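Asks: Got a structure for you, upload_11.cif, holding mmCIF, C-alpha atoms.
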data_protein
loop_
_atom_site.label_atom_id
_atom_site.label_comp_id
_atom_site.auth_asym_id
_atom_site.auth_seq_id
_atom_site.Cartn_x
_atom_site.Cartn_y
_atom_site.Cartn_z
CA MET P 230 83.27 120.54 -55.03
CA PRO P 231 84.53 116.98 -54.36
CA VAL P 232 85.92 116.33 -50.90
CA THR P 233 89.04 114.23 -50.45
CA PRO P 234 88.71 111.88 -47.43
CA VAL P 235 91.40 112.10 -44.78
CA ASP P 236 93.44 108.90 -44.34
CA ASP P 237 93.56 108.13 -40.61
CA GLY P 238 95.71 105.02 -40.99
CA ASP P 239 93.36 102.42 -39.51
CA ALA P 240 90.20 103.46 -41.26
CA ALA P 241 88.82 101.08 -43.87
CA PRO P 242 88.84 102.35 -47.49
CA ALA P 243 85.68 104.05 -48.58
CA PRO P 244 83.44 101.77 -50.67
CA THR P 245 83.17 102.72 -54.32
CA THR P 246 79.81 103.35 -55.91
CA THR P 247 78.61 102.93 -59.48
CA GLY P 248 75.22 104.55 -59.23
CA LYS P 249 73.92 101.97 -56.76
CA ARG P 250 73.78 102.06 -53.02
CA ALA P 251 77.18 101.21 -51.55
CA THR P 252 77.47 98.04 -49.50
CA PRO P 253 79.71 98.35 -46.44
CA VAL P 254 82.65 95.96 -46.32
CA ARG P 255 82.57 93.58 -43.36
CA GLN P 256 85.34 91.33 -42.15
CA ASN P 257 84.38 87.93 -40.81
CA PRO P 258 85.86 86.82 -37.50
CA ASP P 259 88.72 84.38 -37.70
CA LEU P 260 86.75 81.41 -36.43
CA LEU P 261 83.86 82.12 -38.80
CA ALA P 262 86.19 82.20 -41.81
CA PHE P 263 87.64 78.80 -41.01
CA ALA P 264 84.24 77.38 -40.02
CA THR P 265 82.89 78.44 -43.42
CA LEU P 266 85.73 76.59 -45.12
CA VAL P 267 85.07 73.48 -43.03
CA TRP P 268 81.33 73.69 -43.74
CA ASN P 269 81.95 73.80 -47.48
CA ARG P 270 84.10 70.69 -47.22
CA PHE P 271 81.43 69.00 -45.13
CA ARG P 272 78.73 69.60 -47.74
CA ARG P 273 80.89 68.00 -50.40
CA ASN P 274 81.48 64.79 -48.43
CA PRO P 275 79.35 64.56 -45.25
CA ILE P 276 79.95 60.82 -44.74
CA PHE P 277 83.69 61.41 -44.41
CA TRP P 278 83.23 64.15 -41.83
CA LEU P 279 80.61 62.27 -39.82
CA GLY P 280 83.04 59.35 -39.64
CA ILE P 281 85.80 61.57 -38.27
CA ILE P 282 83.44 63.03 -35.65
CA ALA P 283 82.35 59.51 -34.66
CA LEU P 284 86.03 58.60 -34.25
CA VAL P 285 87.27 61.67 -32.37
CA ALA P 286 84.32 62.56 -30.11
CA PRO P 287 84.07 59.29 -28.08
CA THR P 288 87.87 59.06 -27.87
CA LEU P 289 88.14 62.58 -26.47
CA TYR P 290 85.35 61.82 -23.98
CA ASP P 291 87.02 58.59 -22.79
CA VAL P 292 90.43 60.23 -22.48
CA ALA P 293 88.96 63.15 -20.55
CA SER P 294 86.85 61.03 -18.20
CA ARG P 295 89.60 58.52 -17.42
CA GLY P 296 92.81 60.51 -17.49
CA TRP P 297 92.21 64.22 -16.99
CA GLY P 298 91.53 63.79 -13.30
CA THR P 299 94.94 62.26 -12.58
CA ASP P 300 98.16 64.02 -11.65
CA GLN P 301 99.73 63.09 -14.97
CA ALA P 302 97.08 64.98 -16.98
CA ALA P 303 96.08 67.77 -14.62
CA HIS P 304 97.14 70.26 -17.29
CA ALA P 305 94.91 68.73 -20.00
CA PRO P 306 91.71 70.81 -19.40
CA ILE P 307 93.74 74.03 -19.61
CA VAL P 308 95.51 72.82 -22.75
CA PHE P 309 92.19 71.83 -24.33
CA ALA P 310 90.61 75.26 -23.73
CA THR P 311 93.66 77.25 -24.82
CA ALA P 312 94.23 75.04 -27.88
CA ILE P 313 90.72 75.83 -29.12
CA TRP P 314 91.44 79.54 -28.62
CA ILE P 315 94.74 79.30 -30.53
CA PHE P 316 93.07 77.44 -33.40
CA ALA P 317 90.40 80.16 -33.57
CA ARG P 318 93.08 82.85 -33.44
CA SER P 319 94.93 81.33 -36.41
CA ALA P 320 91.86 80.23 -38.37
CA ARG P 321 91.64 83.22 -40.68
CA ARG P 322 95.26 82.97 -41.84
CA ALA P 323 94.84 79.21 -42.25
CA ALA P 324 91.76 79.75 -44.43
CA ILE P 325 93.52 82.33 -46.60
CA VAL P 326 96.45 80.07 -47.50
CA ALA P 327 94.34 76.89 -47.80
CA VAL P 328 95.07 74.84 -50.93
CA PRO P 329 93.36 71.43 -50.58
CA PRO P 330 95.44 68.47 -51.79
CA LYS P 331 94.34 65.80 -54.23
CA ALA P 332 91.79 63.30 -52.95
CA TRP P 333 94.28 60.44 -53.09
CA ALA P 334 96.81 62.42 -51.01
CA ALA P 335 94.21 63.19 -48.35
CA ALA P 336 93.13 59.54 -48.24
CA LEU P 337 96.77 58.42 -47.99
CA ALA P 338 97.33 60.75 -45.04
CA LEU P 339 94.22 59.49 -43.24
CA ALA P 340 94.81 55.76 -43.77
CA PRO P 341 97.57 55.20 -41.14
CA PRO P 342 95.65 56.92 -38.29
CA LEU P 343 92.57 54.83 -39.09
CA LEU P 344 94.58 51.60 -39.06
CA LEU P 345 96.20 52.64 -35.77
CA TYR P 346 92.78 53.45 -34.33
CA ILE P 347 91.45 50.01 -35.28
CA ALA P 348 94.45 48.35 -33.65
CA ALA P 349 93.97 50.43 -30.50
CA ARG P 350 90.29 49.48 -30.33
CA VAL P 351 91.18 45.80 -30.60
CA THR P 352 93.92 45.94 -27.97
CA GLY P 353 92.09 48.41 -25.70
CA LEU P 354 95.06 50.77 -25.39
CA MET P 355 93.58 54.18 -24.58
CA GLU P 356 96.85 56.05 -25.09
CA VAL P 357 97.30 54.62 -28.60
CA ARG P 358 93.68 55.35 -29.37
CA GLY P 359 94.15 58.97 -28.34
CA LEU P 360 97.26 59.22 -30.54
CA ALA P 361 95.34 57.78 -33.49
CA ALA P 362 92.51 60.30 -33.05
CA TYR P 363 95.05 63.12 -32.81
CA LEU P 364 96.75 62.05 -36.03
CA ALA P 365 93.35 61.72 -37.71
CA VAL P 366 92.55 65.34 -36.86
CA VAL P 367 95.89 66.43 -38.33
CA ALA P 368 95.10 64.43 -41.48
CA VAL P 369 91.70 66.13 -41.72
CA LEU P 370 93.30 69.57 -41.41
CA TYR P 371 95.61 68.57 -44.23
CA ALA P 372 92.66 67.41 -46.32
CA VAL P 373 90.89 70.74 -45.74
CA GLY P 374 93.75 73.16 -46.36
CA GLY P 375 96.84 71.27 -47.44
CA ALA P 376 100.42 71.69 -46.27
CA ARG P 377 100.18 75.48 -46.09
CA THR P 378 97.35 75.31 -43.58
CA LEU P 379 99.38 72.89 -41.46
CA GLY P 380 102.26 75.37 -41.64
CA VAL P 381 100.08 78.14 -40.23
CA LEU P 382 98.60 75.87 -37.55
CA TRP P 383 101.88 74.23 -36.56
CA PHE P 384 101.86 75.54 -33.00
CA PRO P 385 98.29 74.60 -31.97
CA ILE P 386 98.79 71.20 -33.63
CA LEU P 387 101.94 70.47 -31.62
CA TYR P 388 100.46 72.08 -28.51
CA SER P 389 97.44 69.74 -28.64
CA ILE P 390 99.68 66.70 -28.24
CA PHE P 391 99.71 67.41 -24.49
CA LEU P 392 96.11 66.13 -24.44
CA ILE P 393 97.28 62.58 -25.11
CA PRO P 394 97.84 60.56 -21.91
CA ILE P 395 101.24 58.98 -21.35
CA PRO P 396 101.32 55.19 -20.82
CA ASP P 397 102.18 54.13 -17.28
CA THR P 398 104.90 51.80 -18.56
CA PHE P 399 106.64 54.70 -20.25
CA VAL P 400 106.30 56.80 -17.08
CA ASP P 401 107.98 54.09 -15.00
CA ILE P 402 110.84 53.66 -17.48
CA ALA P 403 111.38 57.39 -18.02
CA THR P 404 111.31 58.35 -14.36
CA GLN P 405 113.50 55.54 -13.01
CA PRO P 406 116.89 57.19 -13.72
CA VAL P 407 115.55 60.56 -12.56
CA LYS P 408 114.31 59.04 -9.30
CA LEU P 409 117.65 57.38 -8.70
CA GLY P 410 119.52 60.59 -9.40
CA ILE P 411 117.32 62.65 -7.08
CA SER P 412 117.56 60.15 -4.23
CA LYS P 413 121.36 60.00 -4.46
CA ALA P 414 121.65 63.79 -4.64
CA VAL P 415 119.37 64.32 -1.62
CA VAL P 416 121.15 61.68 0.45
CA GLY P 417 124.58 63.02 -0.51
CA LEU P 418 123.68 66.57 0.54
CA LEU P 419 121.99 65.63 3.80
CA SER P 420 124.70 63.17 4.80
CA ASN P 421 127.30 65.92 4.38
CA LEU P 422 125.21 67.98 6.81
CA GLY P 423 125.51 65.22 9.40
CA LEU P 424 122.01 63.72 9.19
CA PRO P 425 121.52 59.93 9.51
CA VAL P 426 120.40 59.27 5.96
CA ALA P 427 121.00 56.48 3.45
CA THR P 428 119.55 55.30 0.16
CA SER P 429 118.77 52.00 -1.53
CA GLY P 430 117.48 52.38 -5.04
CA VAL P 431 114.59 54.85 -4.98
CA SER P 432 114.09 54.46 -1.21
CA ILE P 433 115.51 56.97 1.27
CA TYR P 434 116.11 56.02 4.90
CA ILE P 435 116.41 58.78 7.50
CA GLY P 436 116.31 57.94 11.19
CA GLN P 437 113.60 55.33 11.67
CA PHE P 438 111.67 56.41 8.58
CA GLU P 439 111.67 55.10 5.02
CA LEU P 440 110.51 57.20 2.07
CA LEU P 441 109.84 55.90 -1.41
CA ILE P 442 110.29 58.35 -4.26
CA ALA P 443 107.24 57.90 -6.47
CA ALA P 444 106.96 58.85 -10.14
CA ALA P 445 105.17 62.04 -9.15
CA CYS P 446 108.27 63.14 -7.26
CA ALA P 447 110.60 62.40 -10.17
CA GLY P 448 109.57 65.43 -12.13
CA LEU P 449 107.83 63.93 -15.18
CA ASN P 450 104.38 65.24 -14.33
CA SER P 451 105.65 68.72 -13.59
CA LEU P 452 107.92 68.52 -16.64
CA ILE P 453 104.94 67.94 -18.95
CA SER P 454 102.86 70.65 -17.30
CA LEU P 455 105.75 73.11 -17.33
CA THR P 456 106.43 72.38 -21.00
CA ALA P 457 102.80 73.01 -21.88
CA ILE P 458 102.63 76.25 -19.88
CA GLY P 459 106.02 77.41 -21.13
CA SER P 460 105.09 76.74 -24.76
CA PHE P 461 101.83 78.65 -24.43
CA TYR P 462 103.63 81.53 -22.73
CA VAL P 463 106.23 81.73 -25.51
CA TYR P 464 103.47 81.63 -28.13
CA LEU P 465 101.71 84.63 -26.58
CA ARG P 466 104.84 86.64 -25.83
CA HIS P 467 107.03 85.87 -28.84
CA ASN P 468 104.53 85.18 -31.62
CA ALA P 469 105.18 81.43 -31.75
CA SER P 470 108.87 81.58 -32.61
CA TRP P 471 109.71 77.89 -32.93
CA ARG P 472 113.43 78.46 -32.32
CA TYR P 473 112.86 80.35 -29.09
CA THR P 474 110.16 77.87 -28.05
CA LEU P 475 112.64 75.02 -28.48
CA LEU P 476 115.31 76.92 -26.53
CA LEU P 477 113.00 77.54 -23.58
CA ILE P 478 111.70 73.96 -23.60
CA MET P 479 115.29 72.70 -23.35
CA MET P 480 115.65 74.74 -20.16
CA ILE P 481 112.45 73.39 -18.63
CA PHE P 482 113.83 69.90 -17.94
CA PRO P 483 116.65 70.94 -15.56
CA ILE P 484 114.25 73.41 -13.88
CA ALA P 485 111.72 70.64 -13.24
CA VAL P 486 114.33 68.19 -11.97
CA PHE P 487 115.89 70.74 -9.62
CA ALA P 488 112.47 71.79 -8.31
CA ASN P 489 111.61 68.18 -7.52
CA PHE P 490 115.02 67.69 -5.89
CA LEU P 491 114.14 70.52 -3.51
CA ARG P 492 110.69 69.02 -2.99
CA VAL P 493 112.09 65.62 -2.02
CA MET P 494 114.66 67.19 0.31
CA ILE P 495 111.94 69.24 2.04
CA LEU P 496 109.80 66.14 2.51
CA VAL P 497 112.74 64.17 3.91
CA LEU P 498 113.50 66.93 6.42
CA LEU P 499 109.82 67.21 7.37
CA THR P 500 109.69 63.46 7.94
CA TYR P 501 112.79 63.50 10.12
CA TYR P 502 111.88 66.49 12.28
CA ALA P 503 108.04 66.42 12.29
CA GLY P 504 107.16 62.80 11.62
CA GLU P 505 105.74 60.86 8.69
CA ALA P 506 102.14 61.90 9.34
CA VAL P 507 103.01 65.58 8.91
CA ALA P 508 105.19 65.05 5.83
CA GLN P 509 102.63 62.91 4.01
CA GLY P 510 99.65 65.11 4.84
CA PHE P 511 98.78 68.58 3.63
CA LEU P 512 102.41 69.69 3.50
CA HIS P 513 103.18 67.00 0.92
CA GLU P 514 100.78 68.50 -1.62
CA ALA P 515 101.65 72.04 -0.56
CA ALA P 516 105.34 71.41 -1.21
CA GLY P 517 104.58 70.11 -4.71
CA LEU P 518 102.36 73.09 -5.52
CA PHE P 519 104.87 75.56 -4.13
CA MET P 520 107.74 74.12 -6.17
CA PHE P 521 105.59 74.12 -9.32
CA VAL P 522 104.83 77.81 -8.85
CA VAL P 523 108.50 78.50 -8.28
CA SER P 524 109.33 76.61 -11.48
CA VAL P 525 106.84 78.65 -13.52
CA LEU P 526 108.22 81.90 -12.11
CA THR P 527 111.74 80.69 -12.93
CA ILE P 528 110.71 80.16 -16.54
CA PHE P 529 109.29 83.68 -16.69
CA LEU P 530 112.51 85.05 -15.18
CA ILE P 531 114.72 83.18 -17.64
CA ASP P 532 112.57 84.42 -20.52
CA LYS P 533 112.91 87.99 -19.25
CA VAL P 534 116.70 87.71 -19.03
CA LEU P 535 117.01 86.08 -22.46
CA THR P 536 114.72 88.70 -23.99
CA MET P 537 116.83 91.52 -22.54
CA ILE P 538 120.06 89.92 -23.79
CA GLY P 539 118.57 89.16 -27.20
CA THR P 540 117.23 92.69 -27.55
CA ARG P 541 120.57 94.28 -26.70
CA MET P 542 122.40 91.96 -29.07
CA GLY P 543 119.88 92.58 -31.83
CA TRP P 544 118.72 88.97 -32.02
CA MET P 545 115.10 89.61 -31.13
CA THR P 546 112.62 92.32 -30.21
CA ALA P 547 111.22 92.79 -26.70
#
Represent the structure from my file as structure tokens, please.

Replies:
Amino acid sequence: MPVTPVDDGDAAPAPTTTGKRATPVRQNPDLLAFATLVWNRFRRNPIFWLGIIALVAPTLYDVASRGWGTDQAAHAPIVFATAIWIFARSARRAAIVAVPPKAWAAALALAPPLLLYIAARVTGLMEVRGLAAYLAVVAVLYAVGGARTLGVLWFPILYSIFLIPIPDTFVDIATQPVKLGISKAVVGLLSNLGLPVATSGVSIYIGQFELLIAAACAGLNSLISLTAIGSFYVYLRHNASWRYTLLLIMMIFPIAVFANFLRVMILVLLTYYAGEAVAQGFLHEAAGLFMFVVSVLTIFLIDKVLTMIGTRMGWMTA
């Protein structure tokens, strides 16, 4: 008598037999599926792929050795490791929808990054060189799987842009109005409390002490790190919803600026009451770390509140 198998929901379908021994069905891991696709492309044109590796590998090494140890790129090692994990997590879906473009379209997409890379090598601009290598990797992903693959990998592609160092000139220009705003806000609050404080540009004078608000205190470094952490958090919690990711990123900027406003005010008070040596020592770094942790927890709290409101209103699921 034939026996009908019981469907347990998650069980794989029983393999059919035609007189021969049945072969069990195995599913490849996500990373293996995409690696197989890449390997097939490599065998078709190894010179192209070896050229891309020769372009990206030394650039990534130089960027990591020169910039990842600074305050501006302290988040980069974490972003690098998590970006690889996200790519591996999305690799199977990217391989399934892959439709390689025409050869001329792939070459057209790769030409601008190569020209930018040559210009960066000539001028010695590391930041531009990193951007060119990044764009070259995106062009290669397009050559392997087409626009649909880029659509599946949109989040890890955008997330990886945090690996590119920011030019110092841009940092100075971007942080100047923020530094001025923070110094005026701190001086205005403390002067209303009766403390002898004044400001001139980005310098704060309190008692006999003078404090200069550096770029690190203006919030740009913490803004970039918070954006990277917030984006990764939204990806894990909300399945990479680009609308919600954009909404939370828009809230990160005022959080970072307010956190650094509190940091500067704490340092000014420490300088006035405990002296410059105390304020510029261990407590200086501790204040920055403490405010960063508070900012991250604030992002989590805002996400929790928005998720509760969105769930009750029917806009999103918890």

Asks: Can you tell me which residues surround P:Ile528 at a distance of at most 10 Å, considering all atoms listed in the file, apart from same-chain residues fewer than 5 positions away, and format the answer as a PDB file with C-alpha atoms, keeping the file's coordinate frame?

Replies:
ATOM      1  CA  LEU P 455     105.750  73.110 -17.330  1.00  0.00           C
ATOM      2  CA  THR P 456     106.430  72.380 -21.000  1.00  0.00           C
ATOM      3  CA  ILE P 458     102.630  76.250 -19.880  1.00  0.00           C
ATOM      4  CA  GLY P 459     106.020  77.410 -21.130  1.00  0.00           C
ATOM      5  CA  TYR P 462     103.630  81.530 -22.730  1.00  0.00           C
ATOM      6  CA  LEU P 477     113.000  77.540 -23.580  1.00  0.00           C
ATOM      7  CA  ILE P 478     111.700  73.960 -23.600  1.00  0.00           C
ATOM      8  CA  MET P 480     115.650  74.740 -20.160  1.00  0.00           C
ATOM      9  CA  ILE P 481     112.450  73.390 -18.630  1.00  0.00           C
ATOM     10  CA  ILE P 484     114.250  73.410 -13.880  1.00  0.00           C
ATOM     11  CA  VAL P 522     104.830  77.810  -8.850  1.00  0.00           C
ATOM     12  CA  VAL P 523     108.500  78.500  -8.280  1.00  0.00           C
ATOM     13  CA  LYS P 533     112.910  87.990 -19.250  1.00  0.00           C
ATOM     14  CA  VAL P 534     116.700  87.710 -19.030  1.00  0.00           C
TER      15      VAL P 534
END

Asks: Would you mind telling me which residue in P:Phe438, P:Trp297, P:Phe490, P:Tyr501 lies nearest to P:Leu418 when using only C-alpha atoms?

Replies: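 Closest to P:Leu418 of all the choices is P:Phe490.
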
Asks: What do you get, as an NGL selection string, if you spell out every residue that the PyMOL selection byres ((chain P and resi 300-316) around 6) selects here?

Replies: :P and (297 or 299 or 317-320 or 385 or 392 or 450 or 454)

Asks: Just C-alpha atoms for this one: save the residues we selected as a PDB file, keeping the file's coordinate frame.

Replies:
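Heads up, here's the output in selection_7.pdb:
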ATOM      1  CA  TRP P 297      92.210  64.220 -16.990  1.00  0.00           C
ATOM      2  CA  THR P 299      94.940  62.260 -12.580  1.00  0.00           C
ATOM      3  CA  ALA P 317      90.400  80.160 -33.570  1.00  0.00           C
ATOM      4  CA  ARG P 318      93.080  82.850 -33.440  1.00  0.00           C
ATOM      5  CA  SER P 319      94.930  81.330 -36.410  1.00  0.00           C
ATOM      6  CA  ALA P 320      91.860  80.230 -38.370  1.00  0.00           C
ATOM      7  CA  PRO P 385      98.290  74.600 -31.970  1.00  0.00           C
ATOM      8  CA  LEU P 392      96.110  66.130 -24.440  1.00  0.00           C
ATOM      9  CA  ASN P 450     104.380  65.240 -14.330  1.00  0.00           C
ATOM     10  CA  SER P 454     102.860  70.650 -17.300  1.00  0.00           C
TER      11      SER P 454
END

Asks: I'd like the interatomic distance between atom CA of P:Ala349 and atom CA of P:Ala293, to a tenth of an Å.

Replies: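 Between atom CA of P:Ala349 and atom CA of P:Ala293 the gap works out to 16.9 Å.
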
Asks: Would you compute the distance between atom CA of P:Arg295 and atom CA of P:Leu354? Give it in Å to one decimal.

Replies: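 The value is 12.4 Å.
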
Asks: Take atom CA of P:Ile386 and atom CA of P:Tyr346 and report the distance between them in Å, one decimal.

Replies: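 Straight-line distance from atom CA of P:Ile386 to atom CA of P:Tyr346 works out to 18.8 Å.
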
Asks: Could you check the closest approach to P:Pro483 for each of P:Tyr371, P:Ser524, P:Asp397, P:Trp383 and tell me which residue wins, using all atoms listed in the file?

Replies: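 Smallest separation from P:Pro483 among the options: P:Ser524.
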
Asks: Counting only C-alpha atoms, which of P:Ile453, P:Val486, P:Ala414, P:Ala368 gets nearest to P:Ile395?

Replies: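 Of all the options, P:Ile453 lies closest to P:Ile395.
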
Asks: Can you work out which one of P:Trp333, P:Tyr464, P:Phe519, P:Tyr290 has the shortest atom-to-atom distance to P:Ala488, counting all atoms listed in the file?

Replies: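 The closest residue to P:Ala488 is P:Phe519.
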
Asks: Could you pull the residues within 10 Å of P:Leu387, counting only C-alpha atoms, minus those fewer than 3 positions along the same chain, as a PyMOL selection string?

Replies: chain P and resi 312+367+382-384+390-391+460

Asks: Write the selection just made, keeping C-alpha atoms, as a PDB file, keeping the file's coordinate frame?

Replies:
ATOM      1  CA  ALA P 312      94.230  75.040 -27.880  1.00  0.00           C
ATOM      2  CA  VAL P 367      95.890  66.430 -38.330  1.00  0.00           C
ATOM      3  CA  LEU P 382      98.600  75.870 -37.550  1.00  0.00           C
ATOM      4  CA  TRP P 383     101.880  74.230 -36.560  1.00  0.00           C
ATOM      5  CA  PHE P 384     101.860  75.540 -33.000  1.00  0.00           C
ATOM      6  CA  ILE P 390      99.680  66.700 -28.240  1.00  0.00           C
ATOM      7  CA  PHE P 391      99.710  67.410 -24.490  1.00  0.00           C
ATOM      8  CA  SER P 460     105.090  76.740 -24.760  1.00  0.00           C
TER       9      SER P 460
END

Asks: Using only C-alpha atoms, which of P:Thr500, P:Thr474, P:Gln437, P:Thr265 sits nearest P:Tyr388?

Replies: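 Between P:Thr500, P:Thr474, P:Gln437, P:Thr265, the residue approaching P:Tyr388 most closely is P:Thr474.
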
Asks: Using all atoms listed in the file, find the one residue out of P:Phe487, P:Arg541, P:Leu499, P:Val493 that sits nearest to P:Thr527.

Replies: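 Of P:Phe487, P:Arg541, P:Leu499, P:Val493, the one nearest P:Thr527, counting all atoms listed in the file, is P:Phe487.
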
Asks: Can I get stretch 513-539 of chain P with N, CA and C atoms filled in, as a compact mmCIF listing (two decimals), in the frame of the given file?

Replies:
# COMPACT_ATOMS: atom_id res chain seq x y z
N HIS P 513 102.67 67.72 2.08
CA HIS P 513 103.18 67.00 0.92
C HIS P 513 102.67 67.63 -0.37
N GLU P 514 101.36 67.87 -0.43
CA GLU P 514 100.78 68.50 -1.62
C GLU P 514 101.18 69.97 -1.71
N ALA P 515 101.28 70.62 -0.55
CA ALA P 515 101.65 72.04 -0.56
C ALA P 515 103.06 72.23 -1.09
N ALA P 516 103.97 71.31 -0.73
CA ALA P 516 105.34 71.41 -1.21
C ALA P 516 105.39 71.25 -2.72
N GLY P 517 104.61 70.30 -3.26
CA GLY P 517 104.58 70.11 -4.71
C GLY P 517 104.03 71.32 -5.43
N LEU P 518 102.95 71.90 -4.90
CA LEU P 518 102.36 73.09 -5.52
C LEU P 518 103.29 74.27 -5.44
N PHE P 519 103.95 74.44 -4.30
CA PHE P 519 104.87 75.56 -4.13
C PHE P 519 106.04 75.46 -5.12
N MET P 520 106.62 74.27 -5.26
CA MET P 520 107.74 74.12 -6.17
C MET P 520 107.31 74.29 -7.62
N PHE P 521 106.08 73.91 -7.95
CA PHE P 521 105.59 74.12 -9.32
C PHE P 521 105.47 75.61 -9.62
N VAL P 522 104.94 76.36 -8.66
CA VAL P 522 104.83 77.81 -8.85
C VAL P 522 106.21 78.44 -9.00
N VAL P 523 107.14 77.99 -8.18
CA VAL P 523 108.50 78.50 -8.28
C VAL P 523 109.09 78.18 -9.65
N SER P 524 108.82 76.99 -10.17
CA SER P 524 109.33 76.61 -11.48
C SER P 524 108.76 77.50 -12.59
N VAL P 525 107.47 77.78 -12.52
CA VAL P 525 106.84 78.65 -13.52
C VAL P 525 107.44 80.05 -13.46
N LEU P 526 107.61 80.58 -12.25
CA LEU P 526 108.22 81.90 -12.11
C LEU P 526 109.67 81.90 -12.60
N THR P 527 110.36 80.79 -12.42
CA THR P 527 111.74 80.69 -12.93
C THR P 527 111.76 80.75 -14.44
N ILE P 528 110.80 80.10 -15.08
CA ILE P 528 110.71 80.16 -16.54
C ILE P 528 110.47 81.59 -17.00
N PHE P 529 109.56 82.28 -16.33
CA PHE P 529 109.29 83.68 -16.69
C PHE P 529 110.55 84.53 -16.52
N LEU P 530 111.30 84.28 -15.43
CA LEU P 530 112.51 85.05 -15.18
C LEU P 530 113.57 84.78 -16.24
N ILE P 531 113.75 83.52 -16.59
CA ILE P 531 114.72 83.18 -17.64
C ILE P 531 114.32 83.81 -18.97
N ASP P 532 113.04 83.79 -19.27
CA ASP P 532 112.57 84.42 -20.52
C ASP P 532 112.85 85.92 -20.50
N LYS P 533 112.64 86.55 -19.35
CA LYS P 533 112.91 87.99 -19.25
C LYS P 533 114.38 88.29 -19.48
N VAL P 534 115.25 87.49 -18.88
CA VAL P 534 116.70 87.71 -19.03
C VAL P 534 117.12 87.47 -20.47
N LEU P 535 116.65 86.38 -21.08
CA LEU P 535 117.01 86.08 -22.46
C LEU P 535 116.49 87.14 -23.43
N THR P 536 115.29 87.65 -23.14
CA THR P 536 114.72 88.70 -23.99
C THR P 536 115.56 89.97 -23.91
N MET P 537 115.99 90.34 -22.69
CA MET P 537 116.83 91.52 -22.54
C MET P 537 118.16 91.34 -23.27
N ILE P 538 118.78 90.16 -23.12
CA ILE P 538 120.06 89.92 -23.79
C ILE P 538 119.87 89.91 -25.31
N GLY P 539 118.81 89.22 -25.77
CA GLY P 539 118.57 89.16 -27.20
C GLY P 539 118.25 90.51 -27.81
